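Notes follow the structure.
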Amino acid sequence: MEEEEAMALAAADTVAKMFWQGVQARGPKTILRQKELGIWKAMSWSLLGETAREIGLGLVALGFMPGEVAAILSNTKREWVCADLGVLGAAGVVNGIYPTDAPTQVEYLLADSRSMYVFVEDDEQLDKVLAVRGNLPLLRKVIVFDMEGLDDLQDEAIMSLDDLRSTGRAYYASHPEQWDLRINLRKPADLAILVYTSGTTGRPKGPMISHANILATLAAYQARFPQSDADERICFLPLCHIAERVGGQYHAIYSGAVLNFVENPDTVPENVQEIAPTVFVAVPRVWEKFYSGVLIRVREATGIQQWAYQRAIDLGLLRAKKIEEGKPVPIWLEALFRVASVLVLSNVRKAIGVDRARILVTGAAPISPDLVRWYLALGLEMVEVWGQTECCGAVTANQIGKVRPGSIGVCLEPTEVKLSAASELLVRGPGVFMGYLNQPDLSAETIVDGWLHTGDIGRMDSEGNFYSSERMKDIIITAGGKNITPTEIENQLKVSPYITDAVVIGDKRPFLSALVMIDHENVEQYAQERAIPFSNYASLCRRPEIIALIQAEVNKVNQHFARVEQIKQFRLIETKLTAEDEELTPTMKLKRSLVNKKYESLIASMYAGPA
């Protein structure tokens, strides 16, 4: 069966064909799980195929034409995948919209993509579309996943997902040939998905990703990180984002790995422990949160437990250093590490939920090398992946068994990467996108002579490993003319269990400063244990004891940098930010340009007096 599956995958030249061949080859096997009312419910390949077919043919019955666009406005859940595969199977194009987007953003994305249909999660997302529907003459129908609270709604342009599926079933009964016909209509070079990127410095850009882009990237993923139906994956990042869409959903379909959907973003730690994934892909924010949680628990442990943890970690770090240097691990060190792993470190891995993990993958943002070393010390290989939406998510990655903390690894074949005269990372290969929707001039500026200009500054070492130091536009040039890469400093700050995020300031200024977002849970616990009074998040940030706590963390980081690179002042952001706030990206990164603008007066206060 495995040979048949491999041959089918090799023959597939579009996402829809890949999916449908998977359905035919793996029918009764489980592909998805989602927790409902406290119980994990499985979905087979056959049921997923049937559901996607009903959705796709339901759209066809409504008049959906090949190449038309349907949007999905929903949190990450099973229905998102069903709708996505249904639209692709109907020879359409899918446009994902973040559920945190405001109505004005939803309007722009639907209008710019010329979306004819939009799937929405519930009444909250439906309200956003209804608020701007009058400005969207092309929009024909809104399909709602969850109709709770909408039973009395009378609107011909709105229908439930169940009704769409019922329409699709009836259409299939009278036109059984149409599904196969539709699946075979699209070609590899045709547009498959639109993945809009941030619009903090202008209107959002719509990178166009073809079927060929996706399948080439999946083949490269599978070659570097081989997976099978024996693997368990966890799905919780936004499916609008290229990382979860291609590296998560599509790679699971490509490889047969089971995709488990978390209940909601707040239950990720709990769900990870329940699932114990064998392959875990996440952003640095998640890895930092796991690390800080372990540190807090260690600080609450007994003296003997703290001693045991420190000895075990020290052994792990010594072993990790040998691996990083490419040297063999001495037999005595490996033996001691295995004892420490069984007695101590296995409990840490279980507490996180990664005790079964074969591969940990981090991407979408830079991560502190020290954090990668810590996971390596636990006996877990964490590989950093680098790429952009414009190159379908990944073009370089660390090699399993050859992890180099701080490096983004080597090329995923057959993609090529080179450095320009200005040290910009340039990419050429089958994953490079088709261009930006409706923006030909920008597309021509971004792809020159077949090379994608990424805007990232990088370098390459003697072993062929690439390093991405900073976005070109984010390089800080101080008033003294010193070039600073802020990400390196920010990553070190985020290793602290009390700091969730930070933005380093200093362009054209006499010294570096930082805006810091505290880790609410850990800092609140710190305050409670020491009877530090506070009434809310803002008052917690204003307490002198908390400011002193963060100052101590900043001081620790400053020790790793030259004097000109040290943080001389900082301020705490006194608003607890969530994905709904404009300062944060959907993958929970602070938007540098927006933060600089929105907190202009707070930044000015750091330069009002002596450093």
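Each chain in the structure tokens gets a letter, A, B and so on, in the order shown; residues start at 1 in every chain, and ligands are counted from 1 in the order they appear.
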>> I'd like the contact shell of range 537-554 of chain A - 8 Å cut-off, only C-alpha atoms, skipping same-chain residues fewer than 6 positions apart - returned as a PyMOL selection string.
In response: chain A and resi 493+496+498-499+518+520+523-524+527+567+572-576
Mind dumping the selected residues with N, CA, C and O atoms as a tab-separated table (two decimals), in the first residue's frame?
```tsv
chain	number	residue	atom	x	y	z
A	493	LEU	N	16.16	38.67	25.03
A	493	LEU	CA	15.22	39.16	26.04
A	493	LEU	C	14.05	38.20	26.22
A	493	LEU	O	13.59	37.94	27.33
A	496	SER	N	13.80	35.16	28.70
A	496	SER	CA	13.37	35.36	30.08
A	496	SER	C	11.94	34.86	30.28
A	496	SER	O	11.07	35.13	29.45
A	498	TYR	N	9.87	36.04	32.14
A	498	TYR	CA	9.03	37.18	32.50
A	498	TYR	C	8.79	38.14	31.34
A	498	TYR	O	8.10	39.14	31.49
A	499	ILE	N	9.38	37.83	30.19
A	499	ILE	CA	9.23	38.70	29.02
A	499	ILE	C	8.65	37.90	27.86
A	499	ILE	O	9.22	36.89	27.45
A	518	ILE	N	5.37	42.09	29.10
A	518	ILE	CA	5.64	41.08	30.12
A	518	ILE	C	4.82	39.82	29.87
A	518	ILE	O	3.80	39.84	29.19
A	520	HIS	N	2.28	37.80	31.29
A	520	HIS	CA	1.29	38.11	32.32
A	520	HIS	C	1.20	37.03	33.39
A	520	HIS	O	1.25	37.31	34.59
A	523	VAL	N	4.55	36.79	35.54
A	523	VAL	CA	4.79	37.99	36.35
A	523	VAL	C	3.73	38.13	37.44
A	523	VAL	O	4.02	38.51	38.57
A	524	GLU	N	2.50	37.78	37.09
A	524	GLU	CA	1.43	37.82	38.09
A	524	GLU	C	1.72	36.84	39.23
A	524	GLU	O	1.54	37.16	40.41
A	527	ALA	N	4.36	38.25	41.47
A	527	ALA	CA	3.83	39.29	42.36
A	527	ALA	C	3.03	38.68	43.51
A	527	ALA	O	3.16	39.10	44.67
A	567	ILE	N	20.88	47.66	26.12
A	567	ILE	CA	19.65	48.41	26.35
A	567	ILE	C	19.86	49.35	27.54
A	567	ILE	O	20.12	48.90	28.66
A	572	LEU	N	7.54	49.37	29.88
A	572	LEU	CA	6.61	48.25	29.75
A	572	LEU	C	5.34	48.71	29.04
A	572	LEU	O	4.80	49.77	29.34
A	573	ILE	N	4.89	47.92	28.08
A	573	ILE	CA	3.61	48.18	27.43
A	573	ILE	C	2.51	47.78	28.41
A	573	ILE	O	2.41	46.62	28.80
A	574	GLU	N	1.70	48.74	28.82
A	574	GLU	CA	0.76	48.52	29.93
A	574	GLU	C	-0.59	47.96	29.50
A	574	GLU	O	-1.49	47.82	30.32
A	575	THR	N	-0.72	47.63	28.23
A	575	THR	CA	-1.94	47.01	27.73
A	575	THR	C	-1.67	45.56	27.40
A	575	THR	O	-0.70	45.25	26.71
A	576	LYS	N	-2.50	44.66	27.90
A	576	LYS	CA	-2.33	43.24	27.59
A	576	LYS	C	-2.83	42.99	26.17
A	576	LYS	O	-4.02	43.12	25.88
```
>> With only C-alpha atoms as the counted atoms, please give the residues lying no more than 6 Å from Ile158 in chain A, apart from itself and same-chain residues fewer than 3 positions off, as a PyMOL selection string.
In response: chain A and resi 141-143+155
Export C-alpha atoms of the chosen residues as a PDB file, in the first residue's frame?
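out.pdb, freshly written:
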```
ATOM      1  CA  LYS A 141     -23.285  33.795  -1.029  1.00  0.00           C
ATOM      2  CA  VAL A 142     -22.134  33.563   2.595  1.00  0.00           C
ATOM      3  CA  ILE A 143     -21.852  30.031   4.032  1.00  0.00           C
ATOM      4  CA  ASP A 155     -31.531  36.094   4.123  1.00  0.00           C
TER       5      ASP A 155
END
```
> What is the distance between CA of Ala25 in chain A and CA of Trp45 in chain A, in Å to one decimal?
Replying inline: 8.9 Å
>> Restricting the calculation to only C-alpha atoms: of A:Ser462, A:Gln566, A:Asn483, A:Asn558, which residue gets closest to Ser513 in chain A?
In response: A:Gln566
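Using only C-alpha atoms, the contacts of Leu333 in chain A at a cut-off of 12 Å, with sequence neighbours closer than 6 positions omitted, comprise Ala312, Asp314, Leu315, Gly316, Leu317, Leu318, Arg319, Ala320, Lys321, Lys322, Ile323, Val339, Ala340 and Ser341 of chain A.
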Output the selection as a compact mmCIF listing (two decimals), in the first residue's frame - N, CA, C and O atoms for each residue.
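The result, written out as selection-v9.txt:
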```txt
# COMPACT_ATOMS: atom_id res chain seq x y z
N ALA A 312 21.24 17.59 35.26
CA ALA A 312 20.80 16.94 34.03
C ALA A 312 20.91 17.89 32.83
O ALA A 312 21.39 17.50 31.75
N ASP A 314 22.87 20.48 32.60
CA ASP A 314 24.29 20.73 32.33
C ASP A 314 24.88 19.62 31.45
O ASP A 314 25.64 19.88 30.52
N LEU A 315 24.52 18.37 31.76
CA LEU A 315 24.97 17.25 30.93
C LEU A 315 24.41 17.37 29.51
O LEU A 315 25.11 17.14 28.53
N GLY A 316 23.13 17.73 29.45
CA GLY A 316 22.48 17.89 28.15
C GLY A 316 23.13 18.98 27.31
O GLY A 316 23.32 18.83 26.11
N LEU A 317 23.49 20.09 27.95
CA LEU A 317 24.12 21.20 27.24
C LEU A 317 25.53 20.83 26.77
O LEU A 317 25.96 21.23 25.68
N LEU A 318 26.23 20.04 27.59
CA LEU A 318 27.56 19.58 27.21
C LEU A 318 27.47 18.67 25.98
O LEU A 318 28.26 18.78 25.03
N ARG A 319 26.48 17.80 25.98
CA ARG A 319 26.24 16.92 24.83
C ARG A 319 25.81 17.74 23.61
O ARG A 319 26.26 17.48 22.49
N ALA A 320 24.93 18.73 23.84
CA ALA A 320 24.45 19.58 22.75
C ALA A 320 25.59 20.34 22.09
O ALA A 320 25.61 20.54 20.86
N LYS A 321 26.57 20.76 22.89
CA LYS A 321 27.72 21.49 22.34
C LYS A 321 28.50 20.61 21.38
O LYS A 321 28.96 21.09 20.33
N LYS A 322 28.69 19.34 21.73
CA LYS A 322 29.39 18.41 20.84
C LYS A 322 28.63 18.26 19.52
O LYS A 322 29.23 18.26 18.43
N ILE A 323 27.30 18.14 19.62
CA ILE A 323 26.48 18.00 18.42
C ILE A 323 26.58 19.26 17.56
O ILE A 323 26.73 19.18 16.34
N VAL A 339 21.13 8.33 31.44
CA VAL A 339 20.66 8.15 32.82
C VAL A 339 19.88 9.40 33.25
O VAL A 339 18.79 9.30 33.82
N ALA A 340 20.47 10.58 32.98
CA ALA A 340 19.81 11.83 33.34
C ALA A 340 18.49 11.99 32.60
O ALA A 340 17.50 12.51 33.14
N SER A 341 18.46 11.51 31.35
CA SER A 341 17.25 11.61 30.55
C SER A 341 16.11 10.79 31.15
O SER A 341 14.98 11.25 31.26
```
> So which residues touch Leu343 in chain A within 10 Å, counting only C-alpha atoms, skipping near sequence neighbours fewer than 4 positions away, as a ChimeraX atom specification?
Replying inline: /A:308-309,312,337-339,347
